[in-house]
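The structure appears right after this line, and notes come after that.
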Amino acid sequence: MQSTVSRYEPRQDRSEETSYPSPLRPASAHGYELAEPEEVGAIILSEGKEAVSFWTSSWRNGANGHAEFSGASGNFTISPISLPVQVDRVPQQHLPQHRFLVLQKWEGTVSALKEQEKEFVAVIRDLTQTRSDEEATFPIEEIPDSDRDLLAPGAVFYWNVGYELNSYGQRKRVSAIRFRRLPAWTRSEIESVRRTAERFKGIFGLNAQPQSAARA
Amino acid sequence: MPDIPCEAEGAHIILVGHFNPSIFQPAWLAAHDLIRKEEAEAAKIQVIASEVASFTSDWLSLVVTDDKFQALTNDPSHYEPLRDLVLGIFLLLEHTPFEKMGINRDMHFRMPTEEAWHQLGHLLTPKELWRSHLEKPGMESITIGGSPKHAPDSHLRVKVEPSTRVKPCGVYVGTNQHHQASGPDAARQLMVILREKWQTSQEYARVLSENLVNEGYRRAINS
């Protein structure tokens with residue numbers, strides 16, 4: 001394999017439009033050079049123009065800039081911030097300062113609350129291995145404050161156990177619970193489910209009124 | 001032979017259609033309870049405008065233009081919340097028209113030796129043809145497409161490149177599972193696929209990427 005240092009390849013066909021651009025390679029042009037490719041903040045593709053825009057706070061010459069790549073000409077043009085839109089703030093990198101190494105993850109459904117014991121019971125399903133469901137009891141204090149309102153029978157949560165690695169490579173064992181956040185069903189979703197139910201009722205012959213009810 | 005560990009990874013969901021970028025603000029997501037309030041407050045906003053919205057939060061990056069919606073996380077403990085977020089957004093914005101969706105995963109591995117790193121490149125792209133034209137030909141990128149066994153209606157594209165995040169001897173494997181739907185119900189069809197196929201897609205991508213790199217290494221040490 002061979003790492004490149006001064007070129008970003010444009011997308012070559014529209015069929016790839018749902019793939020994210022691969023991580024940017026170190027780019028240099030016109031005296032501007034990315035200090036680290038990881039410093040890239042945001043990447044925006046404009047249709048037709050094959051342009052790639054990205055910002056960084058760490059050009060080696062200290063400038064903050066907007067870079068545009070033209071797929072047709074193969075040229076980079078880089079200028080000080082010159083987006084056609086207002087830039088509120090030059091972004092920071094989206095890469096986390098620490099990373100999470102998942103050892104095991106489960107999806108759980110709350111089956112009962114034991115408020116006196118400050119616990120809740122849940123049926124958990126292993127998402128990393130195929131195993132049968134298990135029942136587990138969790139202390140309520142394991143739930144982050146911002147998710148406490150979501151604790152109710154039937155609520156779904158994700159439980160991750162793993163290592164959190166900081167930028168110095170130090171590992172910390174972590175257990176984290178996060179409750180699922182989904183909005184209530186919309187009217188059209190409910191209507192769609194109702195139609196499906198009606199269809200199934202038809203298939204199973206459940207549309208006919210029971211005789212006693214029909215007589216009444 | 002121990003498996004080669006993945007040193008960095010991420011997942012992203014991309015939708016192609018017509019969007020109103022200015023809606024996609026952290027405060028809007030928190031107001032609809034799709035992310036935590038403190039995540040919205042701590043979000044770093046790059047741009048919120050009619051043409052583009054872009055912000056990052058603790059685990060999430062969102063970039064929306066008028067024709068593309070991109071949500072990504074580099075935290076594997078938040079893959080399911082990422083899926084739920086996208087499902088939640090388009091449950092609320094149920095009339096948003098989009099007809100294409102990519103379910104994507106990036107993985108970065110470190111080959112144990114430089115020799116093994118080159119061998120993987122040679123395995124994927126034999127150099128015999130190139131040596132008469134180029135000195136030291138090296139693989140910079142390769143993309144292979146096909147239908148995954150678990151979803152024959154979709155198209156899976158696998159890209160392998162030298163990693164920019166893991167150095168030295170890093171290998172990037174990116175998978176793009178492309179789904180397409182049509183008709184007035186297209187967006188809803190795609191959200192059903194996202195809800196039902198996410199887990200399988202992510203697992204398939206992980207196993208494929210790991211197998212590719214491990215098989216490359218196994219052949220390298222046996223050659």
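Here, A, B, ... name the chains of the structure tokens in the order displayed, residue numbers run from 1 inside each chain, and ligands are numbered from 1 in the same displayed order.
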
Strand (DSSP E or B) residues, from DSSP on the backbone, in stretch 17-196 of chain B, as a JSON list (two decimals) with N, CA and C atoms, in the first residue's frame:
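Once everything was written out, this is selection.json:
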[["chain", "number", "residue", "atom", "x", "y", "z"],
["B", 17, "GLY", "N", -31.86, 13.38, -0.75],
["B", 17, "GLY", "CA", -33.21, 13.83, -1.07],
["B", 17, "GLY", "C", -33.28, 15.34, -1.01],
["B", 44, "LYS", "N", -21.13, 21.90, 19.46],
["B", 44, "LYS", "CA", -20.32, 22.91, 18.78],
["B", 44, "LYS", "C", -20.92, 23.13, 17.40],
["B", 45, "ILE", "N", -21.46, 24.31, 17.22],
["B", 45, "ILE", "CA", -22.13, 24.60, 15.95],
["B", 45, "ILE", "C", -21.11, 25.18, 14.99],
["B", 46, "GLN", "N", -21.02, 24.56, 13.81],
["B", 46, "GLN", "CA", -20.14, 25.11, 12.78],
["B", 46, "GLN", "C", -20.92, 26.11, 11.92],
["B", 47, "VAL", "N", -22.05, 25.63, 11.41],
["B", 47, "VAL", "CA", -22.87, 26.46, 10.55],
["B", 47, "VAL", "C", -24.32, 26.09, 10.75],
["B", 48, "ILE", "N", -25.17, 27.07, 10.93],
["B", 48, "ILE", "CA", -26.61, 26.84, 10.83],
["B", 48, "ILE", "C", -27.12, 27.92, 9.89],
["B", 52, "VAL", "N", -26.95, 25.15, 4.76],
["B", 52, "VAL", "CA", -26.21, 24.08, 5.40],
["B", 52, "VAL", "C", -26.33, 24.18, 6.92],
["B", 53, "ALA", "N", -26.42, 23.03, 7.54],
["B", 53, "ALA", "CA", -26.36, 22.96, 9.00],
["B", 53, "ALA", "C", -25.29, 21.95, 9.35],
["B", 54, "SER", "N", -24.43, 22.30, 10.28],
["B", 54, "SER", "CA", -23.36, 21.39, 10.65],
["B", 54, "SER", "C", -23.00, 21.62, 12.11],
["B", 55, "PHE", "N", -23.08, 20.58, 12.89],
["B", 55, "PHE", "CA", -22.66, 20.70, 14.29],
["B", 55, "PHE", "C", -22.17, 19.36, 14.80],
["B", 56, "THR", "N", -21.41, 19.41, 15.87],
["B", 56, "THR", "CA", -20.96, 18.19, 16.52],
["B", 56, "THR", "C", -21.34, 18.27, 17.99],
["B", 61, "SER", "N", -22.06, 13.79, 15.02],
["B", 61, "SER", "CA", -21.84, 14.87, 14.06],
["B", 61, "SER", "C", -22.99, 14.85, 13.06],
["B", 62, "LEU", "N", -23.50, 16.01, 12.77],
["B", 62, "LEU", "CA", -24.60, 16.10, 11.83],
["B", 62, "LEU", "C", -24.26, 17.17, 10.79],
["B", 63, "VAL", "N", -24.38, 16.81, 9.54],
["B", 63, "VAL", "CA", -24.18, 17.77, 8.45],
["B", 63, "VAL", "C", -25.35, 17.62, 7.49],
["B", 64, "VAL", "N", -26.06, 18.70, 7.27],
["B", 64, "VAL", "CA", -27.23, 18.64, 6.38],
["B", 64, "VAL", "C", -27.13, 19.76, 5.35],
["B", 65, "THR", "N", -27.23, 19.40, 4.10],
["B", 65, "THR", "CA", -27.35, 20.39, 3.03],
["B", 65, "THR", "C", -28.72, 20.19, 2.40],
["B", 68, "LYS", "N", -28.59, 16.56, 1.01],
["B", 68, "LYS", "CA", -27.97, 15.44, 1.71],
["B", 68, "LYS", "C", -28.04, 15.60, 3.22],
["B", 69, "PHE", "N", -28.35, 14.50, 3.88],
["B", 69, "PHE", "CA", -28.38, 14.45, 5.34],
["B", 69, "PHE", "C", -27.34, 13.43, 5.78],
["B", 70, "GLN", "N", -26.41, 13.84, 6.66],
["B", 70, "GLN", "CA", -25.36, 12.93, 7.11],
["B", 70, "GLN", "C", -25.28, 12.96, 8.63],
["B", 71, "ALA", "N", -25.44, 11.81, 9.24],
["B", 71, "ALA", "CA", -25.31, 11.69, 10.69],
["B", 71, "ALA", "C", -24.24, 10.65, 10.97],
["B", 72, "LEU", "N", -23.30, 10.98, 11.82],
["B", 72, "LEU", "CA", -22.24, 10.01, 12.08],
["B", 72, "LEU", "C", -21.78, 10.03, 13.52],
["B", 73, "THR", "N", -21.26, 8.90, 13.94],
["B", 73, "THR", "CA", -20.64, 8.82, 15.26],
["B", 73, "THR", "C", -19.36, 8.01, 15.15],
["B", 98, "PHE", "N", -36.96, 11.68, 0.49],
["B", 98, "PHE", "CA", -35.64, 11.14, 0.15],
["B", 98, "PHE", "C", -35.82, 9.73, -0.38],
["B", 99, "GLU", "N", -34.92, 9.35, -1.27],
["B", 99, "GLU", "CA", -35.08, 8.07, -1.97],
["B", 99, "GLU", "C", -33.86, 7.18, -1.91],
["B", 100, "LYS", "N", -32.79, 7.69, -1.30],
["B", 100, "LYS", "CA", -31.56, 6.90, -1.23],
["B", 100, "LYS", "C", -31.01, 6.95, 0.19],
["B", 101, "MET", "N", -30.44, 5.83, 0.60],
["B", 101, "MET", "CA", -29.88, 5.79, 1.95],
["B", 101, "MET", "C", -28.61, 4.95, 1.97],
["B", 102, "GLY", "N", -27.61, 5.42, 2.65],
["B", 102, "GLY", "CA", -26.39, 4.64, 2.86],
["B", 102, "GLY", "C", -26.25, 4.31, 4.33],
["B", 103, "ILE", "N", -26.05, 3.03, 4.61],
["B", 103, "ILE", "CA", -25.74, 2.60, 5.98],
["B", 103, "ILE", "C", -24.26, 2.23, 5.95],
["B", 104, "ASN", "N", -23.46, 3.00, 6.63],
["B", 104, "ASN", "CA", -22.02, 2.92, 6.41],
["B", 104, "ASN", "C", -21.24, 2.66, 7.69],
["B", 105, "ARG", "N", -20.08, 2.06, 7.52],
["B", 105, "ARG", "CA", -19.21, 1.83, 8.68],
["B", 105, "ARG", "C", -17.76, 2.00, 8.25],
["B", 106, "ASP", "N", -16.98, 2.63, 9.10],
["B", 106, "ASP", "CA", -15.54, 2.78, 8.88],
["B", 106, "ASP", "C", -14.79, 2.02, 9.96],
["B", 107, "MET", "N", -13.75, 1.31, 9.57],
["B", 107, "MET", "CA", -12.92, 0.65, 10.58],
["B", 107, "MET", "C", -11.45, 0.86, 10.21],
["B", 108, "HIS", "N", -10.65, 1.10, 11.22],
["B", 108, "HIS", "CA", -9.21, 1.33, 11.01],
["B", 108, "HIS", "C", -8.43, 0.29, 11.81],
["B", 109, "PHE", "N", -7.58, -0.42, 11.12],
["B", 109, "PHE", "CA", -6.78, -1.48, 11.75],
["B", 109, "PHE", "C", -5.30, -1.12, 11.62],
["B", 110, "ARG", "N", -4.50, -1.71, 12.51],
["B", 110, "ARG", "CA", -3.05, -1.55, 12.36],
["B", 110, "ARG", "C", -2.43, -2.91, 12.07],
["B", 142, "ILE", "N", -8.94, 1.00, -3.19],
["B", 142, "ILE", "CA", -9.64, 0.03, -4.03],
["B", 142, "ILE", "C", -11.07, -0.07, -3.53],
["B", 143, "THR", "N", -12.01, -0.16, -4.46],
["B", 143, "THR", "CA", -13.42, -0.29, -4.10],
["B", 143, "THR", "C", -14.00, -1.48, -4.84],
["B", 144, "ILE", "N", -14.67, -2.34, -4.10],
["B", 144, "ILE", "CA", -15.32, -3.51, -4.68],
["B", 144, "ILE", "C", -16.80, -3.46, -4.30],
["B", 145, "GLY", "N", -17.66, -3.73, -5.26],
["B", 145, "GLY", "CA", -19.09, -3.69, -4.97],
["B", 145, "GLY", "C", -19.77, -5.01, -5.25],
["B", 146, "GLY", "N", -20.88, -5.23, -4.58],
["B", 146, "GLY", "CA", -21.68, -6.44, -4.81],
["B", 146, "GLY", "C", -22.88, -6.43, -3.88],
["B", 155, "HIS", "N", -26.94, -2.68, -2.44],
["B", 155, "HIS", "CA", -25.61, -2.78, -3.04],
["B", 155, "HIS", "C", -24.58, -2.42, -1.97],
["B", 156, "LEU", "N", -23.62, -3.31, -1.79],
["B", 156, "LEU", "CA", -22.60, -3.06, -0.78],
["B", 156, "LEU", "C", -21.28, -2.73, -1.47],
["B", 157, "ARG", "N", -20.70, -1.62, -1.05],
["B", 157, "ARG", "CA", -19.43, -1.18, -1.61],
["B", 157, "ARG", "C", -18.40, -1.21, -0.49],
["B", 158, "VAL", "N", -17.28, -1.83, -0.76],
["B", 158, "VAL", "CA", -16.23, -1.92, 0.26],
["B", 158, "VAL", "C", -15.00, -1.20, -0.26],
["B", 159, "LYS", "N", -14.50, -0.28, 0.53],
["B", 159, "LYS", "CA", -13.32, 0.49, 0.11],
["B", 159, "LYS", "C", -12.17, 0.20, 1.08],
["B", 160, "VAL", "N", -11.02, -0.06, 0.53],
["B", 160, "VAL", "CA", -9.83, -0.28, 1.37],
["B", 160, "VAL", "C", -8.76, 0.73, 0.97],
["B", 161, "GLU", "N", -8.20, 1.38, 1.97],
["B", 161, "GLU", "CA", -7.16, 2.40, 1.72],
["B", 161, "GLU", "C", -6.18, 2.40, 2.89],
["B", 162, "PRO", "N", -5.02, 2.99, 2.71],
["B", 162, "PRO", "CA", -4.18, 3.25, 3.88],
["B", 162, "PRO", "C", -4.94, 4.17, 4.83],
["B", 170, "GLY", "N", -1.48, 1.52, 9.03],
["B", 170, "GLY", "CA", -2.92, 1.46, 9.25],
["B", 170, "GLY", "C", -3.67, 1.12, 7.97],
["B", 171, "VAL", "N", -4.76, 0.40, 8.15],
["B", 171, "VAL", "CA", -5.62, 0.03, 7.01],
["B", 171, "VAL", "C", -7.03, 0.52, 7.31],
["B", 172, "TYR", "N", -7.58, 1.23, 6.36],
["B", 172, "TYR", "CA", -8.96, 1.70, 6.49],
["B", 172, "TYR", "C", -9.86, 0.81, 5.65],
["B", 173, "VAL", "N", -10.92, 0.30, 6.25],
["B", 173, "VAL", "CA", -11.93, -0.45, 5.49],
["B", 173, "VAL", "C", -13.26, 0.27, 5.71],
["B", 174, "GLY", "N", -13.81, 0.77, 4.63],
["B", 174, "GLY", "CA", -15.10, 1.48, 4.71],
["B", 174, "GLY", "C", -16.15, 0.70, 3.95],
["B", 175, "THR", "N", -17.32, 0.53, 4.54],
["B", 175, "THR", "CA", -18.40, -0.16, 3.84],
["B", 175, "THR", "C", -19.57, 0.79, 3.66],
["B", 176, "ASN", "N", -20.17, 0.72, 2.50],
["B", 176, "ASN", "CA", -21.33, 1.56, 2.17],
["B", 176, "ASN", "C", -22.43, 0.65, 1.65],
["B", 177, "GLN", "N", -23.46, 0.48, 2.47],
["B", 177, "GLN", "CA", -24.59, -0.32, 1.99],
["B", 177, "GLN", "C", -25.66, 0.63, 1.49],
["B", 178, "HIS", "N", -25.86, 0.59, 0.20],
["B", 178, "HIS", "CA", -26.71, 1.56, -0.48],
["B", 178, "HIS", "C", -28.11, 0.97, -0.71],
["B", 179, "HIS", "N", -29.11, 1.70, -0.24],
["B", 179, "HIS", "CA", -30.51, 1.28, -0.45],
["B", 179, "HIS", "C", -31.22, 2.36, -1.24],
["B", 180, "GLN", "N", -32.12, 1.93, -2.07],
["B", 180, "GLN", "CA", -32.87, 2.88, -2.89],
["B", 180, "GLN", "C", -34.34, 2.49, -2.86]]

Would you list the contacts of A:Pro153 as an NGL selection string, taking every protein, DNA or RNA residue within 8 Å and counting only C-alpha atoms, but skipping same-chain residues closer than 3 positions in sequence?
:A and (109-113)

Preceding selection exported with N, CA and C atoms as a short mmCIF file (atom, residue, chain, number, x, y, z; two decimals), in the first residue's frame:
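Saved to selection39.cif:
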data_model
loop_
_atom_site.label_atom_id
_atom_site.label_comp_id
_atom_site.auth_asym_id
_atom_site.auth_seq_id
_atom_site.Cartn_x
_atom_site.Cartn_y
_atom_site.Cartn_z
N THR A 109 -35.11 -3.95 28.02
CA THR A 109 -36.46 -3.41 28.13
C THR A 109 -36.86 -3.47 29.60
N VAL A 110 -37.24 -2.34 30.15
CA VAL A 110 -37.59 -2.28 31.57
C VAL A 110 -38.86 -3.07 31.80
N SER A 111 -38.80 -4.03 32.73
CA SER A 111 -40.00 -4.82 33.01
C SER A 111 -40.67 -4.41 34.33
N ALA A 112 -39.89 -3.93 35.26
CA ALA A 112 -40.51 -3.52 36.54
C ALA A 112 -39.63 -2.50 37.26
N LEU A 113 -40.30 -1.63 37.98
CA LEU A 113 -39.57 -0.66 38.82
C LEU A 113 -39.72 -1.09 40.27
#

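Minimum distance to chain B across A:Ile203, A:Val156, A:Ala197, A:Val121 (counting only C-alpha atoms) occurs at A:Val156.
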
Might you pull out every residue within 8 Å of A:Ile177, with only C-alpha atoms counted and same-chain residues fewer than 5 positions away left off, and present them as a short mmCIF file (atom, residue, chain, number, x, y, z; two decimals) with C-alpha atoms, in the first residue's frame?
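File produced: result-v2.cif:
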data_model
loop_
_atom_site.label_atom_id
_atom_site.label_comp_id
_atom_site.auth_asym_id
_atom_site.auth_seq_id
_atom_site.Cartn_x
_atom_site.Cartn_y
_atom_site.Cartn_z
CA GLU A 142 -26.75 3.89 37.18
CA ILE A 143 -29.06 5.93 34.97
CA PRO A 144 -27.76 9.39 34.05
CA PHE A 157 -32.21 1.24 26.86
CA TYR A 158 -28.71 0.34 25.70
CA TRP A 159 -26.12 -0.93 28.14
CA ASN A 160 -22.50 -0.79 27.04
#

Hey, what's within 7 Å of A:Ile124 if we count only C-alpha atoms and toss same-chain stuff fewer than 3 positions away? As a VMD selection string, please?
chain A and resid 106 to 109 133 to 136

Now that the selection is made, can you save its residues with C-alpha atoms as a compact mmCIF listing (two decimals), in the first residue's frame?
# COMPACT_ATOMS: atom_id res chain seq x y z
CA TRP A 106 -27.05 -5.18 25.39
CA GLU A 107 -30.46 -3.82 24.55
CA GLY A 108 -32.76 -3.87 27.56
CA THR A 109 -36.46 -3.41 28.13
CA ASP A 133 -32.53 -13.15 26.77
CA GLU A 134 -31.69 -12.67 30.41
CA GLU A 135 -33.25 -10.79 33.27
CA ALA A 136 -31.11 -8.35 35.20

Name all residues at most 10 Å from A:His98 (count only C-alpha atoms; drop same-chain ones fewer than 4 positions away) and give them as a PyMOL selection string.
(chain A and resi 164-171) or (chain B and resi 75)

Using only C-alpha atoms, the shortest atom-to-atom distance to B:Glu80 among A:Arg125, A:Arg131, A:Lys118, A:Arg178 belongs to A:Arg178

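Closest approach to B:Pro76 from the set B:Glu51, B:Glu38, B:Glu9, B:Asp153 is made by B:Glu9, with distances taken over only C-alpha atoms.
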
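Counting from atom CA of B:Trp117, the distance to atom CA of A:Arg99 is 24.1 Å.
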
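Of the listed residues B:Lys127, B:Val166, B:Asp84, B:Ala186, the one whose atoms come nearest to chain A is B:Asp84, with distances taken using only C-alpha atoms.
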
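Put simply, atom CA of A:Val193 is 17.3 Å away from atom CA of B:His95.
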
Within 12 Å of stretch 33-35 of chain B using only C-alpha atoms, minus same-chain residues under 4 positions, as a PyMOL selection string
(chain A and resi 146-147+149-150+178-184) or (chain B and resi 24-29+39-43+57-60+78+81-92)

For the residues in that selection, give me N, CA and C atoms as an mmCIF file, in the first residue's frame.
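That gives us result-v6.cif:
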data_model
loop_
_atom_site.group_PDB
_atom_site.id
_atom_site.type_symbol
_atom_site.label_atom_id
_atom_site.label_comp_id
_atom_site.auth_asym_id
_atom_site.auth_seq_id
_atom_site.Cartn_x
_atom_site.Cartn_y
_atom_site.Cartn_z
ATOM 1 N N SER A 146 -30.140 12.844 33.165
ATOM 2 C CA SER A 146 -30.913 13.321 32.013
ATOM 3 C C SER A 146 -31.795 12.235 31.406
ATOM 4 N N ASP A 147 -31.587 10.991 31.793
ATOM 5 C CA ASP A 147 -32.421 9.908 31.254
ATOM 6 C C ASP A 147 -33.415 9.382 32.285
ATOM 7 N N ASP A 149 -36.108 10.549 33.543
ATOM 8 C CA ASP A 149 -37.530 10.719 33.196
ATOM 9 C C ASP A 149 -38.020 9.637 32.244
ATOM 10 N N LEU A 150 -37.092 8.996 31.564
ATOM 11 C CA LEU A 150 -37.481 7.995 30.565
ATOM 12 C C LEU A 150 -37.678 6.610 31.190
ATOM 13 N N ARG A 178 -27.884 4.124 28.382
ATOM 14 C CA ARG A 178 -28.513 5.234 27.670
ATOM 15 C C ARG A 178 -29.892 4.786 27.210
ATOM 16 N N PHE A 179 -30.896 5.559 27.544
ATOM 17 C CA PHE A 179 -32.260 5.197 27.154
ATOM 18 C C PHE A 179 -32.561 5.637 25.725
ATOM 19 N N ARG A 180 -33.357 4.829 25.065
ATOM 20 C CA ARG A 180 -33.752 5.145 23.683
ATOM 21 C C ARG A 180 -34.676 6.362 23.702
ATOM 22 N N ARG A 181 -34.461 7.225 22.716
ATOM 23 C CA ARG A 181 -35.302 8.407 22.572
ATOM 24 C C ARG A 181 -35.955 8.368 21.208
ATOM 25 N N LEU A 182 -37.231 8.094 21.205
ATOM 26 C CA LEU A 182 -37.978 8.132 19.957
ATOM 27 C C LEU A 182 -39.247 8.932 20.195
ATOM 28 N N PRO A 183 -39.639 9.764 19.245
ATOM 29 C CA PRO A 183 -40.865 10.535 19.447
ATOM 30 C C PRO A 183 -42.085 9.629 19.401
ATOM 31 N N ALA A 184 -43.180 10.159 19.903
ATOM 32 C CA ALA A 184 -44.434 9.400 19.833
ATOM 33 C C ALA A 184 -44.779 9.130 18.370
ATOM 34 N N PHE B 24 -32.240 21.665 11.375
ATOM 35 C CA PHE B 24 -31.411 20.699 12.108
ATOM 36 C C PHE B 24 -30.454 21.395 13.078
ATOM 37 N N GLN B 25 -31.031 21.819 14.178
ATOM 38 C CA GLN B 25 -30.253 22.503 15.206
ATOM 39 C C GLN B 25 -30.283 21.659 16.466
ATOM 40 N N PRO B 26 -29.217 21.698 17.255
ATOM 41 C CA PRO B 26 -29.201 20.915 18.489
ATOM 42 C C PRO B 26 -30.409 21.217 19.381
ATOM 43 N N ALA B 27 -30.781 22.494 19.463
ATOM 44 C CA ALA B 27 -31.899 22.874 20.337
ATOM 45 C C ALA B 27 -33.205 22.235 19.856
ATOM 46 N N TRP B 28 -33.367 22.137 18.539
ATOM 47 C CA TRP B 28 -34.581 21.510 17.998
ATOM 48 C C TRP B 28 -34.619 20.022 18.355
ATOM 49 N N LEU B 29 -33.462 19.372 18.240
ATOM 50 C CA LEU B 29 -33.395 17.943 18.577
ATOM 51 C C LEU B 29 -33.699 17.728 20.050
ATOM 52 N N GLU B 39 -26.436 17.631 25.926
ATOM 53 C CA GLU B 39 -25.717 17.403 24.667
ATOM 54 C C GLU B 39 -25.979 18.549 23.696
ATOM 55 N N ALA B 40 -27.215 19.025 23.711
ATOM 56 C CA ALA B 40 -27.554 20.154 22.835
ATOM 57 C C ALA B 40 -26.806 21.411 23.285
ATOM 58 N N GLU B 41 -26.754 21.609 24.602
ATOM 59 C CA GLU B 41 -26.096 22.815 25.126
ATOM 60 C C GLU B 41 -24.593 22.798 24.847
ATOM 61 N N ALA B 42 -24.010 21.592 24.866
ATOM 62 C CA ALA B 42 -22.560 21.487 24.666
ATOM 63 C C ALA B 42 -22.177 21.359 23.189
ATOM 64 N N ALA B 43 -23.171 21.319 22.318
ATOM 65 C CA ALA B 43 -22.883 21.105 20.886
ATOM 66 C C ALA B 43 -22.046 22.249 20.326
ATOM 67 N N SER B 57 -21.690 17.120 18.518
ATOM 68 C CA SER B 57 -21.941 17.042 19.945
ATOM 69 C C SER B 57 -21.003 15.972 20.481
ATOM 70 N N ASP B 58 -21.192 15.586 21.710
ATOM 71 C CA ASP B 58 -20.281 14.629 22.342
ATOM 72 C C ASP B 58 -20.004 13.416 21.459
ATOM 73 N N TRP B 59 -21.031 12.766 21.004
ATOM 74 C CA TRP B 59 -20.852 11.527 20.230
ATOM 75 C C TRP B 59 -21.334 11.659 18.796
ATOM 76 N N LEU B 60 -21.916 12.769 18.451
ATOM 77 C CA LEU B 60 -22.646 12.903 17.194
ATOM 78 C C LEU B 60 -22.111 14.027 16.322
ATOM 79 N N HIS B 78 -22.491 4.204 20.651
ATOM 80 C CA HIS B 78 -23.639 5.025 20.256
ATOM 81 C C HIS B 78 -24.167 4.688 18.864
ATOM 82 N N PRO B 81 -28.054 4.467 19.324
ATOM 83 C CA PRO B 81 -28.636 5.821 19.444
ATOM 84 C C PRO B 81 -28.564 6.626 18.137
ATOM 85 N N LEU B 82 -27.528 6.396 17.326
ATOM 86 C CA LEU B 82 -27.449 7.104 16.041
ATOM 87 C C LEU B 82 -28.631 6.691 15.146
ATOM 88 N N ARG B 83 -28.853 5.377 15.070
ATOM 89 C CA ARG B 83 -29.998 4.890 14.279
ATOM 90 C C ARG B 83 -31.300 5.476 14.820
ATOM 91 N N ASP B 84 -31.471 5.440 16.156
ATOM 92 C CA ASP B 84 -32.710 5.944 16.754
ATOM 93 C C ASP B 84 -32.900 7.428 16.471
ATOM 94 N N LEU B 85 -31.791 8.163 16.482
ATOM 95 C CA LEU B 85 -31.880 9.599 16.219
ATOM 96 C C LEU B 85 -32.431 9.851 14.814
ATOM 97 N N VAL B 86 -31.891 9.130 13.838
ATOM 98 C CA VAL B 86 -32.343 9.328 12.453
ATOM 99 C C VAL B 86 -33.804 8.884 12.315
ATOM 100 N N LEU B 87 -34.146 7.754 12.930
ATOM 101 C CA LEU B 87 -35.543 7.309 12.887
ATOM 102 C C LEU B 87 -36.449 8.353 13.534
ATOM 103 N N GLY B 88 -35.994 8.893 14.659
ATOM 104 C CA GLY B 88 -36.793 9.882 15.377
ATOM 105 C C GLY B 88 -36.988 11.158 14.574
ATOM 106 N N ILE B 89 -35.915 11.619 13.957
ATOM 107 C CA ILE B 89 -36.000 12.861 13.171
ATOM 108 C C ILE B 89 -37.035 12.706 12.053
ATOM 109 N N PHE B 90 -36.968 11.571 11.359
ATOM 110 C CA PHE B 90 -37.847 11.449 10.191
ATOM 111 C C PHE B 90 -39.211 10.846 10.533
ATOM 112 N N LEU B 91 -39.404 10.508 11.809
ATOM 113 C CA LEU B 91 -40.769 10.283 12.284
ATOM 114 C C LEU B 91 -41.440 11.632 12.457
ATOM 115 N N LEU B 92 -40.657 12.587 12.963
ATOM 116 C CA LEU B 92 -41.199 13.942 13.134
ATOM 117 C C LEU B 92 -41.366 14.641 11.788
#

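Ranking B:Ser182, B:Ser209, B:Ser77, B:Ser201 by their shortest atom-to-atom distance to chain A, with only C-alpha atoms included, puts B:Ser77 first.
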